[in-house]
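run_8.txt follows; it contains compact mmCIF, N, CA and C atoms.
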# COMPACT_ATOMS: atom_id res chain seq x y z
N MET A 222 7.03 10.75 -14.52
CA MET A 222 8.19 10.08 -14.02
C MET A 222 9.42 10.72 -14.62
N SER A 223 9.68 11.89 -14.14
CA SER A 223 10.78 12.64 -14.70
C SER A 223 12.08 12.27 -14.01
N GLY A 224 13.15 12.70 -14.58
CA GLY A 224 14.46 12.48 -13.99
C GLY A 224 15.19 11.36 -14.69
N ASP A 225 16.51 11.35 -14.53
CA ASP A 225 17.36 10.36 -15.16
C ASP A 225 17.54 9.19 -14.21
N LYS A 226 17.09 8.02 -14.62
CA LYS A 226 17.20 6.82 -13.80
C LYS A 226 18.53 6.12 -14.00
N ALA A 227 19.33 6.52 -14.99
CA ALA A 227 20.51 5.76 -15.39
C ALA A 227 21.53 5.62 -14.26
N HIS A 228 21.71 6.62 -13.43
CA HIS A 228 22.75 6.53 -12.41
C HIS A 228 22.27 5.98 -11.09
N TYR A 229 21.06 5.51 -11.03
CA TYR A 229 20.54 4.89 -9.81
C TYR A 229 20.51 3.38 -10.00
N PRO A 230 21.01 2.63 -9.03
CA PRO A 230 20.95 1.16 -9.18
C PRO A 230 19.50 0.70 -9.12
N PRO A 231 19.20 -0.43 -9.74
CA PRO A 231 17.82 -0.91 -9.72
C PRO A 231 17.36 -1.19 -8.28
N VAL A 232 16.14 -0.81 -8.01
CA VAL A 232 15.55 -1.00 -6.68
C VAL A 232 14.39 -1.97 -6.81
N ASP A 233 14.35 -2.98 -5.94
CA ASP A 233 13.24 -3.92 -5.94
C ASP A 233 11.99 -3.19 -5.46
N PRO A 234 10.94 -3.10 -6.30
CA PRO A 234 9.77 -2.33 -5.91
C PRO A 234 9.03 -2.88 -4.70
N ILE A 235 9.00 -4.19 -4.55
CA ILE A 235 8.30 -4.78 -3.40
C ILE A 235 9.04 -4.41 -2.12
N SER A 236 10.34 -4.56 -2.12
CA SER A 236 11.15 -4.23 -0.93
C SER A 236 11.06 -2.74 -0.61
N ALA A 237 11.18 -1.91 -1.63
CA ALA A 237 11.10 -0.46 -1.40
C ALA A 237 9.73 -0.07 -0.88
N GLY A 238 8.68 -0.66 -1.43
CA GLY A 238 7.33 -0.35 -0.99
C GLY A 238 7.07 -0.79 0.44
N LEU A 239 7.51 -1.98 0.80
CA LEU A 239 7.30 -2.48 2.16
C LEU A 239 8.10 -1.68 3.19
N ARG A 240 9.27 -1.18 2.77
CA ARG A 240 10.09 -0.37 3.68
C ARG A 240 9.73 1.12 3.61
N ALA A 241 8.77 1.48 2.74
CA ALA A 241 8.33 2.86 2.53
C ALA A 241 9.50 3.75 2.13
N ARG A 242 10.26 3.28 1.16
CA ARG A 242 11.41 4.02 0.63
C ARG A 242 11.14 4.42 -0.81
N CYS A 243 11.89 5.40 -1.27
CA CYS A 243 11.74 5.92 -2.63
C CYS A 243 11.92 4.78 -3.64
N PRO A 244 11.04 4.69 -4.63
CA PRO A 244 11.16 3.61 -5.61
C PRO A 244 12.32 3.81 -6.60
N ARG A 245 12.89 5.00 -6.65
CA ARG A 245 14.01 5.23 -7.57
C ARG A 245 15.36 5.00 -6.89
N CYS A 246 15.59 5.62 -5.73
CA CYS A 246 16.89 5.50 -5.08
C CYS A 246 16.91 4.47 -3.95
N GLY A 247 15.74 4.14 -3.41
CA GLY A 247 15.66 3.18 -2.32
C GLY A 247 16.09 3.73 -0.97
N GLU A 248 16.37 5.02 -0.89
CA GLU A 248 16.87 5.62 0.35
C GLU A 248 15.89 6.61 0.98
N GLY A 249 15.33 7.51 0.19
CA GLY A 249 14.45 8.55 0.72
C GLY A 249 13.13 7.99 1.23
N ARG A 250 12.51 8.73 2.13
CA ARG A 250 11.23 8.31 2.67
C ARG A 250 10.12 8.50 1.63
N MET A 251 9.23 7.52 1.57
CA MET A 251 8.12 7.63 0.62
C MET A 251 6.96 8.43 1.21
N PHE A 252 6.80 8.42 2.52
CA PHE A 252 5.67 9.09 3.15
C PHE A 252 6.14 10.21 4.06
N LYS A 253 5.38 11.29 4.10
CA LYS A 253 5.68 12.38 5.03
C LYS A 253 4.80 12.30 6.28
N GLY A 254 3.75 11.53 6.20
CA GLY A 254 2.86 11.28 7.34
C GLY A 254 2.57 9.80 7.37
N PHE A 255 1.37 9.45 7.80
CA PHE A 255 1.03 8.03 7.85
C PHE A 255 0.91 7.45 6.44
N ILE A 256 0.12 8.11 5.57
CA ILE A 256 0.02 7.63 4.18
C ILE A 256 0.05 8.78 3.17
N SER A 257 0.46 9.97 3.60
CA SER A 257 0.53 11.09 2.65
C SER A 257 1.94 11.17 2.07
N LEU A 258 1.99 11.53 0.80
CA LEU A 258 3.27 11.59 0.08
C LEU A 258 3.84 13.00 0.09
N PRO A 259 5.16 13.12 0.16
CA PRO A 259 5.77 14.44 -0.02
C PRO A 259 5.75 14.80 -1.51
N GLU A 260 6.11 16.02 -1.83
CA GLU A 260 6.16 16.41 -3.24
C GLU A 260 7.32 15.73 -3.96
N ARG A 261 8.45 15.59 -3.26
CA ARG A 261 9.66 15.00 -3.85
C ARG A 261 10.39 14.13 -2.85
N CYS A 262 11.21 13.23 -3.37
CA CYS A 262 12.09 12.43 -2.51
C CYS A 262 13.15 13.35 -1.94
N GLY A 263 13.43 13.23 -0.66
CA GLY A 263 14.43 14.06 -0.02
C GLY A 263 15.86 13.71 -0.41
N VAL A 264 16.09 12.55 -1.00
CA VAL A 264 17.43 12.12 -1.36
C VAL A 264 17.72 12.34 -2.84
N CYS A 265 16.87 11.78 -3.73
CA CYS A 265 17.15 11.86 -5.16
C CYS A 265 16.31 12.90 -5.89
N GLY A 266 15.30 13.47 -5.23
CA GLY A 266 14.48 14.49 -5.85
C GLY A 266 13.38 13.98 -6.76
N LEU A 267 13.07 12.67 -6.72
CA LEU A 267 12.01 12.12 -7.55
C LEU A 267 10.70 12.83 -7.25
N ASP A 268 10.05 13.33 -8.30
CA ASP A 268 8.76 13.99 -8.16
C ASP A 268 7.68 12.93 -7.99
N TYR A 269 6.96 12.96 -6.86
CA TYR A 269 5.92 11.98 -6.59
C TYR A 269 4.58 12.35 -7.23
N GLY A 270 4.59 13.26 -8.18
CA GLY A 270 3.37 13.65 -8.87
C GLY A 270 2.76 12.51 -9.66
N PHE A 271 3.56 11.52 -10.05
CA PHE A 271 3.07 10.38 -10.80
C PHE A 271 2.25 9.43 -9.92
N ALA A 272 2.48 9.47 -8.63
CA ALA A 272 1.90 8.48 -7.72
C ALA A 272 0.42 8.72 -7.49
N ASP A 273 -0.38 7.78 -7.94
CA ASP A 273 -1.81 7.84 -7.70
C ASP A 273 -2.30 6.41 -7.50
N SER A 274 -2.28 5.97 -6.26
CA SER A 274 -2.71 4.59 -5.99
C SER A 274 -4.22 4.48 -5.90
N GLY A 275 -4.91 5.61 -5.80
CA GLY A 275 -6.37 5.60 -5.75
C GLY A 275 -6.89 4.80 -4.57
N ASP A 276 -7.94 4.03 -4.83
CA ASP A 276 -8.55 3.19 -3.80
C ASP A 276 -7.96 1.79 -3.78
N GLY A 277 -6.98 1.52 -4.61
CA GLY A 277 -6.40 0.17 -4.70
C GLY A 277 -5.92 -0.39 -3.38
N PRO A 278 -5.11 0.35 -2.62
CA PRO A 278 -4.64 -0.20 -1.35
C PRO A 278 -5.77 -0.51 -0.38
N ALA A 279 -6.75 0.37 -0.29
CA ALA A 279 -7.87 0.16 0.64
C ALA A 279 -8.67 -1.08 0.26
N VAL A 280 -8.93 -1.26 -1.03
CA VAL A 280 -9.69 -2.42 -1.48
C VAL A 280 -8.93 -3.71 -1.20
N LEU A 281 -7.66 -3.74 -1.53
CA LEU A 281 -6.86 -4.94 -1.28
C LEU A 281 -6.78 -5.26 0.21
N VAL A 282 -6.61 -4.24 1.03
CA VAL A 282 -6.54 -4.46 2.48
C VAL A 282 -7.87 -4.98 3.01
N MET A 283 -8.98 -4.39 2.56
CA MET A 283 -10.29 -4.87 3.03
C MET A 283 -10.52 -6.32 2.64
N LEU A 284 -10.15 -6.69 1.43
CA LEU A 284 -10.34 -8.07 0.99
C LEU A 284 -9.46 -9.03 1.79
N LEU A 285 -8.21 -8.69 1.94
CA LEU A 285 -7.27 -9.57 2.64
C LEU A 285 -7.61 -9.69 4.13
N ILE A 286 -7.74 -8.56 4.81
CA ILE A 286 -8.01 -8.58 6.25
C ILE A 286 -9.42 -9.10 6.52
N GLY A 287 -10.37 -8.77 5.66
CA GLY A 287 -11.72 -9.28 5.82
C GLY A 287 -11.74 -10.80 5.74
N PHE A 288 -11.02 -11.36 4.80
CA PHE A 288 -10.93 -12.82 4.66
C PHE A 288 -10.35 -13.45 5.93
N ILE A 289 -9.29 -12.86 6.44
CA ILE A 289 -8.65 -13.40 7.65
C ILE A 289 -9.56 -13.29 8.86
N VAL A 290 -10.11 -12.10 9.09
CA VAL A 290 -10.93 -11.87 10.29
C VAL A 290 -12.24 -12.66 10.23
N VAL A 291 -12.89 -12.71 9.10
CA VAL A 291 -14.13 -13.47 8.99
C VAL A 291 -13.85 -14.97 9.19
N GLY A 292 -12.77 -15.45 8.62
CA GLY A 292 -12.40 -16.85 8.82
C GLY A 292 -12.15 -17.18 10.28
N LEU A 293 -11.41 -16.30 10.96
CA LEU A 293 -11.15 -16.52 12.39
C LEU A 293 -12.44 -16.42 13.21
N ALA A 294 -13.28 -15.45 12.88
CA ALA A 294 -14.54 -15.29 13.62
C ALA A 294 -15.44 -16.51 13.43
N LEU A 295 -15.51 -17.04 12.23
CA LEU A 295 -16.31 -18.24 12.00
C LEU A 295 -15.75 -19.44 12.77
N TYR A 296 -14.44 -19.57 12.76
CA TYR A 296 -13.81 -20.67 13.51
C TYR A 296 -14.13 -20.56 15.00
N VAL A 297 -13.98 -19.36 15.57
CA VAL A 297 -14.27 -19.15 16.99
C VAL A 297 -15.74 -19.40 17.27
N GLU A 298 -16.62 -18.96 16.41
CA GLU A 298 -18.07 -19.16 16.62
C GLU A 298 -18.43 -20.64 16.61
N VAL A 299 -17.92 -21.36 15.62
CA VAL A 299 -18.26 -22.78 15.51
C VAL A 299 -17.62 -23.59 16.64
N THR A 300 -16.40 -23.25 17.02
CA THR A 300 -15.68 -24.02 18.03
C THR A 300 -16.12 -23.69 19.45
N PHE A 301 -16.30 -22.41 19.78
CA PHE A 301 -16.55 -22.01 21.16
C PHE A 301 -17.93 -21.41 21.42
N SER A 302 -18.62 -20.95 20.40
CA SER A 302 -19.93 -20.29 20.51
C SER A 302 -19.97 -19.20 21.59
N PRO A 303 -19.08 -18.21 21.49
CA PRO A 303 -19.08 -17.15 22.51
C PRO A 303 -20.23 -16.17 22.31
N ALA A 304 -20.44 -15.33 23.30
CA ALA A 304 -21.46 -14.29 23.22
C ALA A 304 -21.06 -13.25 22.17
N LEU A 305 -22.01 -12.47 21.73
CA LEU A 305 -21.75 -11.45 20.71
C LEU A 305 -20.72 -10.42 21.17
N TRP A 306 -20.76 -10.05 22.45
CA TRP A 306 -19.82 -9.05 22.95
C TRP A 306 -18.38 -9.55 22.87
N VAL A 307 -18.19 -10.86 22.97
CA VAL A 307 -16.83 -11.42 22.84
C VAL A 307 -16.33 -11.24 21.41
N HIS A 308 -17.21 -11.48 20.45
CA HIS A 308 -16.83 -11.26 19.05
C HIS A 308 -16.46 -9.80 18.81
N LEU A 309 -17.26 -8.89 19.32
CA LEU A 309 -16.96 -7.46 19.15
C LEU A 309 -15.64 -7.10 19.82
N LEU A 310 -15.41 -7.63 20.99
CA LEU A 310 -14.18 -7.35 21.72
C LEU A 310 -12.95 -7.90 21.01
N LEU A 311 -13.10 -9.02 20.36
CA LEU A 311 -11.97 -9.64 19.65
C LEU A 311 -11.73 -9.04 18.26
N TRP A 312 -12.77 -9.00 17.44
CA TRP A 312 -12.59 -8.74 16.02
C TRP A 312 -12.55 -7.28 15.64
N LEU A 313 -13.22 -6.42 16.37
CA LEU A 313 -13.19 -5.00 16.03
C LEU A 313 -11.79 -4.40 16.20
N PRO A 314 -11.15 -4.56 17.37
CA PRO A 314 -9.78 -4.02 17.50
C PRO A 314 -8.78 -4.70 16.55
N LEU A 315 -8.93 -6.02 16.39
CA LEU A 315 -8.02 -6.73 15.49
C LEU A 315 -8.15 -6.22 14.06
N SER A 316 -9.37 -6.00 13.62
CA SER A 316 -9.61 -5.49 12.26
C SER A 316 -8.99 -4.11 12.08
N ILE A 317 -9.18 -3.25 13.05
CA ILE A 317 -8.64 -1.88 12.95
C ILE A 317 -7.12 -1.90 12.90
N VAL A 318 -6.50 -2.65 13.79
CA VAL A 318 -5.03 -2.71 13.84
C VAL A 318 -4.46 -3.32 12.56
N LEU A 319 -5.03 -4.42 12.11
CA LEU A 319 -4.52 -5.05 10.89
C LEU A 319 -4.74 -4.18 9.66
N CYS A 320 -5.89 -3.55 9.56
CA CYS A 320 -6.16 -2.68 8.39
C CYS A 320 -5.22 -1.48 8.35
N LEU A 321 -5.03 -0.83 9.48
CA LEU A 321 -4.15 0.33 9.49
C LEU A 321 -2.70 -0.06 9.21
N GLY A 322 -2.28 -1.18 9.75
CA GLY A 322 -0.91 -1.65 9.49
C GLY A 322 -0.70 -2.03 8.05
N ALA A 323 -1.67 -2.70 7.46
CA ALA A 323 -1.53 -3.17 6.09
C ALA A 323 -1.73 -2.06 5.06
N LEU A 324 -2.49 -1.02 5.41
CA LEU A 324 -2.78 0.05 4.44
C LEU A 324 -1.50 0.76 3.99
N ARG A 325 -0.65 1.11 4.92
CA ARG A 325 0.60 1.80 4.58
C ARG A 325 1.50 0.90 3.74
N LEU A 326 1.59 -0.38 4.13
CA LEU A 326 2.42 -1.32 3.36
C LEU A 326 1.90 -1.47 1.93
N MET A 327 0.59 -1.64 1.80
CA MET A 327 0.01 -1.86 0.48
C MET A 327 0.14 -0.61 -0.40
N LYS A 328 -0.05 0.57 0.17
CA LYS A 328 0.08 1.80 -0.61
C LYS A 328 1.53 1.96 -1.07
N GLY A 329 2.49 1.68 -0.20
CA GLY A 329 3.89 1.77 -0.58
C GLY A 329 4.24 0.83 -1.71
N VAL A 330 3.77 -0.41 -1.64
CA VAL A 330 4.05 -1.39 -2.68
C VAL A 330 3.40 -0.98 -4.00
N LEU A 331 2.16 -0.53 -3.97
CA LEU A 331 1.50 -0.14 -5.21
C LEU A 331 2.15 1.07 -5.87
N ILE A 332 2.60 2.03 -5.09
CA ILE A 332 3.28 3.19 -5.66
C ILE A 332 4.64 2.78 -6.24
N ALA A 333 5.36 1.93 -5.54
CA ALA A 333 6.66 1.47 -6.04
C ALA A 333 6.49 0.65 -7.32
N LEU A 334 5.47 -0.18 -7.38
CA LEU A 334 5.20 -0.94 -8.60
C LEU A 334 4.75 -0.02 -9.74
N GLN A 335 4.00 1.00 -9.41
CA GLN A 335 3.57 1.97 -10.42
C GLN A 335 4.80 2.65 -11.03
N TYR A 336 5.77 3.01 -10.21
CA TYR A 336 6.98 3.64 -10.71
C TYR A 336 7.81 2.65 -11.53
N ALA A 337 8.00 1.45 -11.00
CA ALA A 337 8.85 0.46 -11.68
C ALA A 337 8.29 0.05 -13.03
N ASN A 338 6.98 0.00 -13.15
CA ASN A 338 6.36 -0.42 -14.41
C ASN A 338 5.96 0.76 -15.30
N LYS A 339 6.32 1.97 -14.88
CA LYS A 339 6.00 3.18 -15.63
C LYS A 339 4.50 3.26 -15.94
N ALA A 340 3.68 2.89 -14.97
CA ALA A 340 2.23 2.89 -15.16
C ALA A 340 1.71 4.31 -15.20
N GLU A 341 0.83 4.57 -16.12
CA GLU A 341 0.22 5.88 -16.26
C GLU A 341 -1.27 5.73 -16.47
N GLU A 342 -1.98 6.83 -16.37
CA GLU A 342 -3.42 6.83 -16.62
C GLU A 342 -3.68 6.43 -18.06
N GLY A 343 -4.70 5.65 -18.28
CA GLY A 343 -5.06 5.23 -19.62
C GLY A 343 -5.50 6.40 -20.49
N ARG A 344 -5.15 6.36 -21.74
CA ARG A 344 -5.53 7.41 -22.66
C ARG A 344 -6.15 6.78 -23.91
N LEU A 345 -7.09 7.48 -24.51
CA LEU A 345 -7.70 7.01 -25.75
C LEU A 345 -6.79 7.33 -26.93
N ASP A 346 -6.71 6.40 -27.85
CA ASP A 346 -5.90 6.60 -29.05
C ASP A 346 -6.74 7.37 -30.05
N THR A 347 -6.36 8.65 -30.27
CA THR A 347 -7.13 9.51 -31.20
C THR A 347 -6.45 9.64 -32.55
N ASP A 348 -5.37 8.87 -32.77
CA ASP A 348 -4.65 8.94 -34.05
C ASP A 348 -5.20 7.99 -35.10
N ALA A 349 -6.39 7.49 -34.92
CA ALA A 349 -6.95 6.50 -35.86
C ALA A 349 -7.49 7.13 -37.11
How does this structure look as structure tokens?
Amino acid sequence: MSGDKAHYPPVDPISAGLRARCPRCGEGRMFKGFISLPERCGVCGLDYGFADSGDGPAVLVMLLIGFIVVGLALYVEVTFSPALWVHLLLWLPLSIVLCLGALRLMKGVLIALQYANKAEEGRLDTDA
């Protein structure tokens, strides 16, 4: 997390992440593709080398969307008892759309929070 943060106003990490904006300046784009990061912010030059959200966004999205879709599917099954093809027609596209939409939002928020909290990879203390 290099660079001088002193001349940048504080940026709300949740807002910046949801809007896919740079966590330092709040203006530059966080993504160069759907979920791939550029090397640097185009506005303030923040090096995105620190950003490593790993599997966190995918796991959170699967848990959240899975809870919603399974709950809705159970409700529809108990209330209407539709055929299996109706469940596939309803829940498969809904799951895909919700997961893809939420993945970008979740990755943006986690990267912005990582920057705001100066989170780094854990290291062993060898000075003992």
### Message
Residues proximal to (2.6, 10.8, -9.3) were defined as those with any atom within 10 Å of that point in the file's coordinates, counting only C-alpha atoms. Which are they, as a VMD selection string?
### Response
chain A and resid 222 to 223 258 260 to 261 267 to 274 332 335 to 336 340 to 341
### Query
What is the distance, in Å and to one decimal place, between CA of Gly343 (chain A) and CA of Leu331 (chain A)?
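Distance between the two atoms: 16.7 Å.
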### Message
Could you check the closest approach to Ala337 (chain A) for each of A:Leu321, A:Gly238, A:Pro244, A:Leu313 and tell me which residue wins, using only C-alpha atoms?
### Response
A:Pro244
### Task
Return as an MDAnalysis selection string the full set of residues in chain A whose backbone-based DSSP assignment is alpha helix (DSSP H).
chainID A and resid 234:239 277:301 305:337
### Query
For Ile286 (chain A), which of A:Val330, A:Ala241, A:Leu319, A:Lys339 is the closest residue, counting all atoms listed in the file?
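Among the listed residues, the smallest separation from Ile286 (chain A) belongs to A:Leu319.
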### Task
Taking the DSSP assignment computed from this structure's backbone, write out as JSON, numbers by chain all residues of chain A that belong to strand (DSSP E or B).
{"A": [242, 250, 261, 268]}
### Query
So how far away is CA of Ile317 (chain A) from CA of Ala304 (chain A), in Å?
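Computing the Euclidean distance for CA of Ala304 (chain A) and CA of Ile317 (chain A) yields 20.6 Å.
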For Gly287 (chain A), find every residue with an atom within 8 Å (counting all atoms listed in the file), except residues of its own chain fewer than 5 positions away, and show them as a CSV table (one decimal) with N, CA and C atoms, keeping the file's coordinate frame.
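Contents of the output file selection-v9.csv:
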chain,number,residue,atom,x,y,z
A,281,LEU,N,-7.7,-3.7,-1.5
A,281,LEU,CA,-6.9,-4.9,-1.3
A,281,LEU,C,-6.8,-5.3,0.2
A,282,VAL,N,-6.6,-4.2,1.0
A,282,VAL,CA,-6.5,-4.5,2.5
A,282,VAL,C,-7.9,-5.0,3.0
A,292,GLY,N,-12.8,-15.4,8.6
A,292,GLY,CA,-12.4,-16.8,8.8
A,292,GLY,C,-12.2,-17.2,10.3
A,293,LEU,N,-11.4,-16.3,11.0
A,293,LEU,CA,-11.2,-16.5,12.4
A,293,LEU,C,-12.4,-16.4,13.2
A,316,SER,N,-9.4,-6.0,13.6
A,316,SER,CA,-9.6,-5.5,12.3
A,316,SER,C,-9.0,-4.1,12.1
A,320,CYS,N,-5.9,-3.6,9.6
A,320,CYS,CA,-6.2,-2.7,8.4
A,320,CYS,C,-5.2,-1.5,8.4
### Distance in Å - CA of Met283 (chain A) versus CA of Leu324 (chain A)
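So the answer is 9.1 Å.
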